[in-house]
$ cat final_1.tsv   # TSV, C-alpha atoms and all ligand atoms
chain	number	residue	atom	x	y	z
A	818	MET	CA	0.00	0.00	0.00
A	819	HIS	CA	1.38	3.44	-0.89
A	820	HIS	CA	1.45	6.32	1.59
A	821	TYR	CA	-1.61	8.53	1.66
A	822	TRP	CA	-2.71	11.40	3.88
A	823	GLN	CA	-5.80	13.39	4.76
A	824	GLY	CA	-6.38	16.62	6.70
A	825	LYS	CA	-3.48	18.03	8.67
A	826	PRO	CA	-0.97	15.32	9.59
A	827	THR	CA	2.53	15.95	10.90
A	828	ARG	CA	5.61	15.25	8.74
A	829	GLN	CA	7.95	13.53	11.19
A	830	ALA	CA	6.47	10.96	13.59
A	831	HIS	CA	6.60	11.78	17.31
A	832	LYS	CA	7.68	15.36	16.65
A	833	GLY	CA	6.11	18.72	15.98
A	834	ILE	CA	2.70	17.67	17.28
A	835	PRO	CA	0.75	20.96	17.49
A	836	GLU	CA	0.17	22.22	21.03
A	837	GLY	CA	-2.98	20.70	22.52
A	838	LEU	CA	-3.19	17.86	19.97
A	839	TYR	CA	-2.25	14.21	20.36
A	840	GLU	CA	-0.56	11.71	18.07
A	841	GLU	CA	-1.75	8.11	17.94
A	842	GLU	CA	0.23	5.45	16.08
A	843	GLN	CA	-1.69	2.51	14.63
A	844	GLY	CA	0.72	-0.10	13.34
A	845	HIS	CA	0.99	-3.69	12.20
A	846	LEU	CA	3.81	-6.15	12.99
A	847	GLY	CA	5.12	-4.47	16.12
A	848	PHE	CA	6.92	-1.35	14.99
A	849	TYR	CA	8.00	-2.72	11.61
A	850	GLY	CA	4.83	-2.98	9.51
A	851	PRO	CA	2.39	-0.64	7.77
A	852	VAL	CA	1.68	2.26	10.11
A	853	SER	CA	-0.31	5.48	10.28
A	854	HIS	CA	-0.24	8.42	12.66
A	855	LEU	CA	-3.50	10.09	13.57
A	856	ILE	CA	-3.41	13.60	14.96
A	857	ARG	CA	-6.36	14.02	17.28
A	858	LYS	CA	-7.86	16.71	19.44
A	859	LYS	CA	-8.23	14.33	22.35
A	860	PRO	CA	-6.08	11.46	23.63
A	861	SER	CA	-7.28	8.06	22.46
A	862	THR	CA	-7.37	6.78	26.05
A	863	ARG	CA	-10.51	8.73	26.90
A	864	TRP	CA	-12.81	5.77	27.48
A	865	VAL	CA	-15.46	6.40	30.13
A	866	ASP	CA	-16.35	2.77	30.74
A	867	ILE	CA	-15.23	-0.70	29.64
A	868	GLU	CA	-17.64	-3.63	29.64
A	869	GLY	CA	-16.01	-6.98	29.00
A	870	ASP	CA	-12.68	-8.69	29.46
A	871	LEU	CA	-10.33	-6.82	27.14
A	872	LYS	CA	-8.76	-4.04	29.15
A	873	PRO	CA	-5.42	-2.83	30.41
A	874	ARG	CA	-4.47	-4.63	33.60
A	875	LEU	CA	-1.97	-4.02	36.36
A	876	TYR	CA	-0.77	-6.58	38.88
A	877	ASP	CA	1.08	-5.99	42.13
A	878	LEU	CA	3.34	-9.04	42.12
A	879	VAL	CA	4.85	-7.93	45.44
A	880	GLU	CA	1.61	-9.25	46.92
A	881	LEU	CA	2.11	-12.72	45.43
A	882	LYS	CA	2.78	-15.44	47.93
A	883	PRO	CA	6.09	-17.13	47.06
A	884	VAL	CA	5.73	-20.77	46.05
A	885	THR	CA	8.48	-23.28	45.35
A	886	HIS	CA	7.33	-24.21	41.83
A	887	MET	CA	7.55	-21.87	38.85
A	888	GLN	CA	4.36	-19.83	39.01
A	889	ARG	CA	2.99	-19.36	35.51
A	890	MET	CA	1.22	-16.02	34.88
A	891	PHE	CA	0.78	-15.72	31.08
A	892	PHE	CA	1.04	-18.21	28.25
A	893	ASN	CA	0.35	-18.95	24.60
A	894	ASN	CA	1.77	-21.45	22.10
A	895	ASP	CA	5.07	-19.58	21.88
A	896	THR	CA	5.89	-18.58	25.40
A	897	GLU	CA	5.18	-18.89	29.09
A	898	VAL	CA	5.90	-16.04	31.49
A	899	GLY	CA	5.94	-16.44	35.24
A	900	MET	CA	7.61	-15.87	38.57
A	901	TRP	CA	10.04	-18.18	40.34
A	902	TRP	CA	11.22	-17.80	43.91
A	903	VAL	CA	14.33	-19.75	44.93
A	904	GLN	CA	15.13	-19.70	48.62
A	905	ASP	CA	17.43	-22.71	48.90
A	906	THR	CA	19.28	-24.85	46.41
A	907	PRO	CA	16.69	-27.20	44.92
A	908	GLU	CA	17.18	-30.93	45.37
A	909	ALA	CA	17.29	-31.55	41.61
A	910	ALA	CA	18.77	-29.72	38.65
A	911	ILE	CA	16.32	-28.76	35.88
A	912	ARG	CA	16.56	-29.69	32.23
A	913	ASN	CA	13.90	-27.96	30.19
A	914	ALA	CA	13.15	-30.02	27.08
A	915	ASP	CA	10.24	-27.75	26.16
A	916	GLY	CA	12.39	-24.75	25.30
A	917	ASP	CA	15.02	-22.14	26.11
A	918	VAL	CA	14.39	-20.13	29.24
A	919	VAL	CA	15.40	-16.62	30.22
A	920	LEU	CA	15.55	-16.01	33.98
A	921	PHE	CA	15.54	-12.32	34.83
A	922	CYS	CA	16.82	-11.70	38.37
A	923	HIS	CA	14.52	-9.19	40.08
A	924	LYS	CA	15.88	-9.84	43.56
A	925	GLY	CA	18.66	-11.89	45.12
A	926	LYS	CA	22.13	-13.10	44.28
A	927	GLY	CA	23.66	-16.44	43.55
A	928	SER	CA	25.07	-18.89	41.05
A	929	VAL	CA	23.74	-21.07	38.30
A	930	LEU	CA	25.60	-24.35	38.01
A	931	THR	CA	25.59	-26.11	34.64
A	932	GLU	CA	27.69	-28.80	32.95
A	933	TYR	CA	29.33	-25.94	31.03
A	934	GLY	CA	30.46	-24.16	34.18
A	935	GLU	CA	29.19	-21.70	36.74
A	936	LEU	CA	27.41	-18.40	36.08
A	937	SER	CA	26.64	-15.78	38.69
A	938	TYR	CA	23.64	-13.46	38.91
A	939	THR	CA	22.69	-10.27	40.72
A	940	PRO	CA	19.54	-8.10	40.39
A	941	GLY	CA	19.11	-6.85	36.81
A	942	GLU	CA	20.74	-9.94	35.28
A	943	TYR	CA	19.32	-12.02	32.45
A	944	VAL	CA	20.35	-15.69	32.63
A	945	VAL	CA	19.81	-17.45	29.30
A	946	ILE	CA	19.56	-21.24	29.55
A	947	PRO	CA	19.28	-23.02	26.18
A	948	LYS	CA	16.79	-25.86	25.81
A	949	CYS	CA	17.97	-29.11	27.44
A	950	VAL	CA	20.96	-27.57	29.25
A	951	ALA	CA	20.66	-28.81	32.84
A	952	TYR	CA	21.03	-26.16	35.53
A	953	LEU	CA	20.94	-25.83	39.29
A	954	ILE	CA	20.29	-22.53	41.05
A	955	VAL	CA	22.47	-22.00	44.13
A	956	PRO	CA	21.17	-18.81	45.75
A	957	ASN	CA	23.39	-16.80	48.12
A	958	GLU	CA	20.36	-14.64	48.87
A	959	SER	CA	16.68	-15.44	48.52
A	960	THR	CA	16.02	-14.96	44.82
A	961	GLN	CA	13.07	-13.88	42.68
A	962	PHE	CA	13.21	-14.49	38.93
A	963	LEU	CA	10.83	-13.44	36.21
A	964	TYR	CA	11.06	-16.37	33.79
A	965	ILE	CA	10.28	-16.30	30.08
A	966	GLU	CA	10.14	-19.68	28.39
A	967	ASN	CA	10.62	-19.89	24.63
A	968	LYS	CA	8.68	-22.88	23.36
A	969	ASN	CA	9.05	-22.64	19.58
A	970	SER	CA	12.50	-21.29	18.83
A	971	HIS	CA	15.83	-20.36	20.36
A	972	TYR	CA	16.65	-16.90	21.67
A	973	ILE	CA	18.81	-14.91	19.31
A	974	GLU	CA	20.39	-11.46	19.36
A	975	PRO	CA	18.39	-8.54	18.00
A	976	ASP	CA	19.14	-7.19	14.54
A	977	ARG	CA	21.21	-4.09	15.31
A	978	GLY	CA	21.05	-2.80	11.74
A	979	ILE	CA	22.71	0.55	11.13
A	980	ALA	CA	23.66	0.89	14.81
A	981	GLY	CA	26.34	-1.76	14.23
A	982	ARG	CA	27.15	-5.07	15.85
A	983	HIS	CA	28.38	-3.64	19.16
A	984	ALA	CA	25.27	-1.54	19.83
A	985	VAL	CA	22.92	-2.18	22.74
A	986	TYR	CA	25.23	-4.80	24.24
A	987	ASP	CA	28.63	-6.02	23.17
A	988	MET	CA	28.93	-9.81	23.05
A	989	GLN	CA	32.17	-9.45	25.01
A	990	THR	CA	30.19	-8.28	28.05
A	991	LEU	CA	28.16	-11.49	28.31
A	992	GLY	CA	28.85	-13.63	31.37
A	993	ARG	CA	30.19	-17.02	30.24
A	994	PRO	CA	30.18	-20.25	32.24
A	995	ASP	CA	33.33	-20.81	34.29
A	996	LEU	CA	34.19	-24.51	34.42
A	997	GLU	CA	36.98	-24.16	36.97
A	998	LYS	CA	34.72	-22.22	39.32
A	999	LEU	CA	32.03	-24.90	38.95
A	1000	HIS	CA	34.42	-27.59	40.16
A	1001	SER	CA	35.54	-25.52	43.16
A	1002	THR	CA	31.93	-24.64	44.10
A	1003	LEU	CA	30.87	-28.28	43.88
A	1004	SER	CA	33.62	-29.31	46.30
A	1005	GLU	CA	33.52	-26.23	48.59
A	1006	LYS	CA	29.75	-26.37	49.03
A	1007	ASN	CA	29.66	-30.14	48.95
A	1008	ILE	CA	27.09	-30.16	46.14
A	1009	GLU	CA	26.42	-33.33	44.20
A	1010	VAL	CA	23.93	-33.09	41.37
A	1011	LYS	CA	22.42	-36.55	41.51
A	1012	LYS	CA	18.95	-35.71	40.26
A	1013	ILE	CA	17.93	-34.00	37.04
A	1014	ARG	CA	14.26	-33.09	36.65
A	1015	ILE	CA	13.34	-32.98	33.00
A	1016	GLN	CA	10.43	-30.90	31.79
A	1017	HIS	CA	8.79	-32.26	28.65
A	1018	LEU	CA	5.34	-31.24	27.42
A	1019	GLY	CA	4.88	-29.54	30.77
A	1020	GLU	CA	5.29	-32.83	32.66
A	1021	HIS	CA	8.27	-33.74	34.82
A	1022	THR	CA	10.49	-36.84	34.90
A	1023	THR	CA	13.39	-37.22	37.31
A	1024	TYR	CA	16.61	-38.97	36.28
A	1025	LYS	CA	18.75	-40.16	39.17
A	1026	TYR	CA	22.51	-40.76	39.19
A	1027	ALA	CA	24.91	-42.52	41.55
A	1028	GLU	CA	27.42	-39.65	41.32
A	1029	CYS	CA	27.42	-35.92	40.48
A	1030	ALA	CA	26.23	-35.46	36.90
A	1031	PHE	CA	28.03	-32.12	36.54
A	1032	ALA	CA	31.47	-32.98	37.96
A	1033	ASP	CA	32.91	-35.09	35.13
A	1034	VAL	CA	33.16	-32.45	32.37
A	1035	VAL	CA	36.85	-31.71	31.81
A	1036	GLY	CA	36.34	-29.33	28.89
A	1037	TRP	CA	34.01	-28.17	26.13
A	1038	LYS	CA	33.93	-25.99	23.04
A	1039	GLY	CA	31.17	-24.61	20.85
A	1040	ASP	CA	28.67	-21.83	20.39
A	1041	LEU	CA	25.83	-23.34	22.39
A	1042	PHE	CA	26.09	-22.55	26.10
A	1043	PRO	CA	24.24	-20.73	28.88
A	1044	TYR	CA	25.22	-17.11	29.50
A	1045	THR	CA	24.25	-13.99	31.40
A	1046	LEU	CA	23.66	-10.38	30.39
A	1047	HIS	CA	23.39	-7.66	33.03
A	1048	MET	CA	21.36	-4.46	32.55
A	1049	ASP	CA	24.47	-2.50	33.62
A	1050	ASN	CA	26.23	-3.77	30.49
A	1051	MET	CA	23.51	-2.55	28.14
A	1052	MET	CA	23.86	0.68	26.17
A	1053	PRO	CA	20.34	1.82	25.28
A	1054	LEU	CA	19.79	3.47	21.93
A	1055	MET	CA	18.26	6.91	21.90
A	1056	SER	CA	17.78	9.87	19.61
A	1057	HIS	CA	18.08	13.38	21.03
A	1058	ARG	CA	15.65	14.56	18.34
A	1059	ALA	CA	12.72	12.11	18.25
A	1060	HIS	CA	11.29	9.41	20.52
A	1061	LEU	CA	12.38	5.92	19.43
A	1062	PRO	CA	9.87	3.06	19.41
A	1063	PRO	CA	10.13	0.22	21.97
A	1064	SER	CA	11.69	-2.01	19.30
A	1065	ALA	CA	14.91	0.05	19.67
A	1066	HIS	CA	15.22	-1.59	23.09
A	1067	THR	CA	14.96	-5.22	21.91
A	1068	THR	CA	17.27	-7.49	23.88
A	1069	PHE	CA	16.33	-11.03	22.81
A	1070	VAL	CA	14.34	-12.19	19.81
A	1071	ALA	CA	12.26	-15.38	19.63
A	1072	LYS	CA	9.74	-16.69	17.13
A	1073	ASN	CA	6.57	-14.67	17.68
A	1074	PHE	CA	7.79	-12.67	20.67
A	1075	VAL	CA	10.56	-10.36	21.82
A	1076	ILE	CA	12.06	-9.34	25.15
A	1077	CYS	CA	12.96	-5.65	25.46
A	1078	THR	CA	14.76	-3.75	28.23
A	1079	PHE	CA	13.98	-0.18	29.25
A	1080	LEU	CA	16.84	1.57	31.01
A	1081	PRO	CA	17.57	5.06	32.33
A	1082	ARG	CA	18.34	7.44	29.48
A	1083	PRO	CA	18.30	11.16	28.76
A	1084	LEU	CA	15.04	12.52	27.40
A	1085	GLU	CA	14.79	13.97	23.90
A	1086	GLU	CA	16.23	17.50	23.68
A	1087	ASP	CA	14.34	19.08	20.77
A	1088	ASP	CA	11.60	21.39	22.00
A	1089	ASP	CA	9.05	19.83	19.66
A	1090	ALA	CA	9.98	16.19	20.41
A	1091	LEU	CA	7.60	13.91	22.26
A	1092	LYS	CA	9.27	12.98	25.57
A	1093	VAL	CA	6.92	10.21	26.65
A	1094	PRO	CA	5.88	7.06	24.77
A	1095	PHE	CA	3.46	7.96	21.99
A	1096	TYR	CA	-0.18	6.85	22.10
A	1097	HIS	CA	-0.37	3.70	20.05
A	1098	GLN	CA	-2.28	0.68	18.93
A	1099	ASN	CA	0.31	-2.10	18.69
A	1100	ILE	CA	-2.27	-3.95	16.63
A	1101	ASP	CA	-0.63	-7.37	16.40
A	1102	TYR	CA	1.01	-7.63	19.81
A	1103	ASP	CA	0.07	-8.19	23.43
A	1104	GLU	CA	2.39	-6.30	25.77
A	1105	ILE	CA	3.65	-7.25	29.23
A	1106	LEU	CA	5.78	-4.77	31.16
A	1107	PHE	CA	7.53	-5.81	34.37
A	1108	TYR	CA	8.74	-2.93	36.51
A	1109	HIS	CA	12.07	-3.97	38.00
A	1110	ASP	CA	13.47	-0.84	39.62
A	1111	GLY	CA	13.56	2.95	39.54
A	1112	ASP	CA	11.00	5.71	39.16
A	1113	PHE	CA	8.30	4.99	36.58
A	1114	PHE	CA	7.17	8.48	35.76
A	1115	SER	CA	5.18	7.63	32.62
A	1116	ARG	CA	2.55	5.91	34.76
A	1117	ASP	CA	0.94	6.91	38.06
A	1118	ASN	CA	1.25	4.97	41.30
A	1119	LEU	CA	3.66	2.32	40.13
A	1120	HIS	CA	6.30	0.59	42.18
A	1121	ALA	CA	8.97	-2.01	41.52
A	1122	GLY	CA	7.56	-5.52	41.29
A	1123	MET	CA	4.41	-4.51	39.44
A	1124	LEU	CA	3.47	-5.83	36.02
A	1125	SER	CA	1.15	-4.31	33.44
A	1126	PHE	CA	-0.65	-6.15	30.66
A	1127	HIS	CA	-1.82	-4.27	27.59
A	1128	PRO	CA	-3.47	-6.71	25.19
A	1129	ALA	CA	-3.85	-5.75	21.53
A	1130	GLY	CA	-7.15	-4.17	20.61
A	1131	PHE	CA	-7.18	-0.69	22.08
A	1132	PRO	CA	-4.96	2.38	21.97
A	1133	HIS	CA	-2.97	3.33	25.03
A	1134	GLY	CA	-0.27	5.75	26.00
A	1135	PRO	CA	1.10	7.87	28.81
A	1136	HIS	CA	-1.00	8.86	31.76
A	1137	PRO	CA	-2.19	12.49	31.72
A	1138	LYS	CA	0.15	13.52	34.55
A	1139	ALA	CA	3.18	11.98	32.82
A	1140	ILE	CA	2.93	14.41	29.90
A	1141	GLU	CA	3.04	17.31	32.37
A	1142	LYS	CA	5.87	15.76	34.39
A	1143	SER	CA	7.94	15.12	31.25
A	1144	LYS	CA	8.22	18.85	30.59
A	1145	SER	CA	10.45	19.35	33.62
A	1146	LYS	CA	12.37	16.06	33.43
A	1147	THR	CA	15.71	15.59	31.73
A	1148	HIS	CA	16.05	11.82	31.96
A	1149	THR	CA	14.18	8.64	32.75
A	1150	ASP	CA	15.17	6.49	35.70
A	1151	GLU	CA	13.33	3.26	35.04
A	1152	TYR	CA	14.44	-0.32	34.69
A	1153	ALA	CA	11.78	-2.52	33.12
A	1154	VAL	CA	11.47	-5.71	31.09
A	1155	MET	CA	8.91	-5.91	28.30
A	1156	ILE	CA	7.62	-9.04	26.59
A	1157	ASP	CA	5.67	-8.40	23.39
A	1158	THR	CA	3.92	-11.41	21.87
A	1159	ARG	CA	2.67	-11.71	18.28
A	1160	PHE	CA	-0.29	-13.84	19.36
A	1161	PRO	CA	-2.66	-13.22	22.27
A	1162	LEU	CA	-1.73	-14.32	25.77
A	1163	HIS	CA	-3.88	-16.22	28.22
A	1164	ARG	CA	-3.76	-15.18	31.87
A	1165	ASP	CA	-3.58	-17.53	34.80
A	1166	GLU	CA	-6.46	-17.23	37.21
A	1167	MET	CA	-4.18	-16.68	40.23
A	1168	LEU	CA	-3.30	-13.23	38.89
A	1169	SER	CA	-6.75	-11.92	39.67
A	1170	GLY	CA	-5.82	-12.08	43.38
A	1171	VAL	CA	-3.19	-9.36	42.92
A	1172	GLU	CA	-4.88	-7.27	40.25
A	1173	VAL	CA	-5.10	-3.52	40.80
A	1174	GLN	CA	-8.78	-3.26	40.00
A	1175	ASP	CA	-9.14	0.29	38.75
A	1176	TYR	CA	-6.04	0.44	36.55
A	1177	TRP	CA	-8.14	0.93	33.42
A	1178	LYS	CA	-9.54	4.09	35.00
A	1179	SER	CA	-6.09	5.57	35.57
A	1180	TRP	CA	-6.12	7.42	32.21
A	1181	MET	CA	-9.26	9.29	33.17
A	1182	LYS	CA	-8.55	12.79	34.38
A	1201	FE	FE	2.01	-0.38	24.33
$ encode --input "final_1.tsv" --output "structure tokens" --more "lines below"
Ligand SMILES: [Fe+2]
Amino acid sequence: MHHYWQGKPTRQAHKGIPEGLYEEEQGHLGFYGPVSHLIRKKPSTRWVDIEGDLKPRLYDLVELKPVTHMQRMFFNNDTEVGMWWVQDTPEAAIRNADGDVVLFCHKGKGSVLTEYGELSYTPGEYVVIPKCVAYLIVPNESTQFLYIENKNSHYIEPDRGIAGRHAVYDMQTLGRPDLEKLHSTLSEKNIEVKKIRIQHLGEHTTYKYAECAFADVVGWKGDLFPYTLHMDNMMPLMSHRAHLPPSAHTTFVAKNFVICTFLPRPLEEDDDALKVPFYHQNIDYDEILFYHDGDFFSRDNLHAGMLSFHPAGFPHGPHPKAIEKSKSKTHTDEYAVMIDTRFPLHRDEMLSGVEVQDYWKSWMK
């Protein structure tokens, strides 16, 4: 379809929006497909009532009661997103035969033991465990992970395009498994991995061994191994002239979903640049945003440990107060993880216990 316009549009997206008017982006395929920008007199979040199930939702996960199993929250055919609390070293290592998993450390510190070596994690760390790589969490402090399972593909790096191969994060900053450290931890902490719990089709089977299943690896080589990536080692892209779409913050790519990371950054400098996320209909994607740390000024009454869910189907954007606040701010101070899925997500019933009921009203003035 060729470009077409009617009335009085703007020329450059997210910039030069006339005073008192609002821009709304309606786009296919995340932020890569056919897209139009509507300039409106009123923000597109001016609903006065919502009847039915499709609405923006906010959950206070701080209120969740920790359980020992992985607590699923959202799922579809491509992914499963949930919370996992690890207080003590589990009795068995895990081997996930259903897919790769990303563990994002929200709280706690510790190590991940694998046959490839030991990895360490602190808050703000992504731990990427490829499908079928057995791993054992050894927490030094009580740990809370957001987990994102990838059921239909393997996680790959984002396409960095014209920003070059070292943009966003340099592969040299990834944490690689340390085999020597693994052997010393196994002996110092007297750990013997004699059970491996295999997840297949969501069911579990435990394999038992007479001796430690991790201790006999004397070496390995290859380009398949678990690794870590810390938020502190990420270099977010930004433009001082125009607001970049969330896709500029893509961290991991999977088939039919992406994981993005929002980090502190300076706000746009041009007087006519939009300094908050634009109103948008991300027509093909459901959006989950997990608030890890910092000050989330683009939404009211948020704290770390909350999670918002914006399913496809309605336009959304900054809260009214955020637009005002952005005028005096020079930078953002938020750390958040976003999961955008190409196909709709189902919610687990347990989430309703921690839902902030009036979230959908929070755009009303
Ligand atoms: Fe969105």
$ residues_near_ligand --input "final_1.tsv" --ligand "ligand FE 1201 (chain A)" --cutoff "12 Å" --atoms "all atoms listed in the file" --output "PyMOL selection string"
chain A and resi 841-844+847-848+862+873+1062-1064+1093-1106+1115+1125-1135+1155-1158
$ closest_residue --input "final_1.tsv" --among "A:Gly833, A:Pro1161, A:Gly824, A:Gly941" --to "Asp895 of chain A" --atoms "all atoms listed in the file"
A:Pro1161
$ atom_distance --input "final_1.tsv" --atom1 "atom CA of Ile1013 of chain A" --atom2 "atom CA of Pro907 of chain A"
10.5 Å
$ atom_distance --input "final_1.tsv" --atom1 "atom CA of Gln888 of chain A" --atom2 "atom CA of Phe962 of chain A"
10.3 Å
$ residues_near_point --input "final_1.tsv" --point "(19.8, -26.6, 30.8)" --cutoff "7 Å" --atoms "only C-alpha atoms" --output "PyMOL selection string"
chain A and resi 911-913+931+946-952
$ residues_around --input "final_1.tsv" --residues "Leu953 of chain A" --least-positions-apart "3" --cutoff "6 Å" --atoms "all atoms listed in the file" --output "list of chain:residue names"
A:Ala910, A:Val929, A:Leu930
$ residues_around --input "final_1.tsv" --residues "segment 915-926 of chain A" --least-positions-apart "5" --cutoff "7 Å" --atoms "only C-alpha atoms" --output "ChimeraX atom specification"
/A:938-948,956-969,971,1016-1018,1109
$ atom_distance --input "final_1.tsv" --atom1 "atom CA of Asp1088 of chain A" --atom2 "atom CA of Lys832 of chain A"
9.0 Å
$ residues_around --input "final_1.tsv" --residues "segment 1051-1054 of chain A" --least-positions-apart "2" --cutoff "6 Å" --atoms "all atoms listed in the file" --output "short mmCIF file (atom, residue, chain, number, x, y, z; two decimals) with C-alpha atoms, in the coordinates of the input"
data_model
loop_
_atom_site.label_atom_id
_atom_site.label_comp_id
_atom_site.auth_asym_id
_atom_site.auth_seq_id
_atom_site.Cartn_x
_atom_site.Cartn_y
_atom_site.Cartn_z
CA VAL A 985 22.92 -2.18 22.74
CA TYR A 986 25.23 -4.80 24.24
CA MET A 1048 21.36 -4.46 32.55
CA ASP A 1049 24.47 -2.50 33.62
#
$ closest_residue --input "final_1.tsv" --among "A:Phe1074, A:Leu881, A:Asp987, A:Lys872" --to "Phe1160 of chain A" --atoms "all atoms listed in the file"
A:Phe1074
$ closest_residue --input "final_1.tsv" --among "A:Arg863, A:Ala914, A:Gln829, A:Trp902" --to "Gly1019 of chain A" --atoms "only C-alpha atoms"
A:Ala914
$ decode --input "final_1.tsv" --residues "segment 908-921 of chain A" --atoms "N, CA and C atoms" --output "compact mmCIF listing (two decimals), in the first residue's frame"
# COMPACT_ATOMS: atom_id res chain seq x y z
N GLU A 908 16.62 -29.58 45.25
CA GLU A 908 17.18 -30.93 45.37
C GLU A 908 17.65 -31.45 44.01
N ALA A 909 16.95 -31.05 42.96
CA ALA A 909 17.29 -31.55 41.61
C ALA A 909 17.61 -30.39 40.67
N ALA A 910 18.53 -30.68 39.74
CA ALA A 910 18.77 -29.72 38.65
C ALA A 910 17.58 -29.80 37.69
N ILE A 911 17.44 -28.78 36.84
CA ILE A 911 16.32 -28.76 35.88
C ILE A 911 16.89 -28.87 34.48
N ARG A 912 16.24 -29.67 33.67
CA ARG A 912 16.56 -29.69 32.23
C ARG A 912 15.24 -29.45 31.50
N ASN A 913 15.15 -28.32 30.85
CA ASN A 913 13.90 -27.96 30.19
C ASN A 913 13.93 -28.43 28.73
N ALA A 914 13.20 -29.49 28.45
CA ALA A 914 13.15 -30.02 27.08
C ALA A 914 12.03 -29.38 26.27
N ASP A 915 11.31 -28.45 26.88
CA ASP A 915 10.24 -27.75 26.16
C ASP A 915 10.75 -26.48 25.48
N GLY A 916 11.89 -25.96 25.95
CA GLY A 916 12.39 -24.75 25.30
C GLY A 916 13.48 -24.05 26.08
N ASP A 917 14.05 -23.02 25.43
CA ASP A 917 15.02 -22.14 26.11
C ASP A 917 14.28 -21.41 27.23
N VAL A 918 15.02 -20.98 28.23
CA VAL A 918 14.39 -20.13 29.24
C VAL A 918 15.31 -18.95 29.55
N VAL A 919 14.69 -17.79 29.71
CA VAL A 919 15.40 -16.62 30.22
C VAL A 919 14.92 -16.41 31.65
N LEU A 920 15.88 -16.34 32.59
CA LEU A 920 15.55 -16.01 33.98
C LEU A 920 16.03 -14.59 34.20
N PHE A 921 15.12 -13.69 34.54
CA PHE A 921 15.54 -12.32 34.83
C PHE A 921 15.54 -12.15 36.35
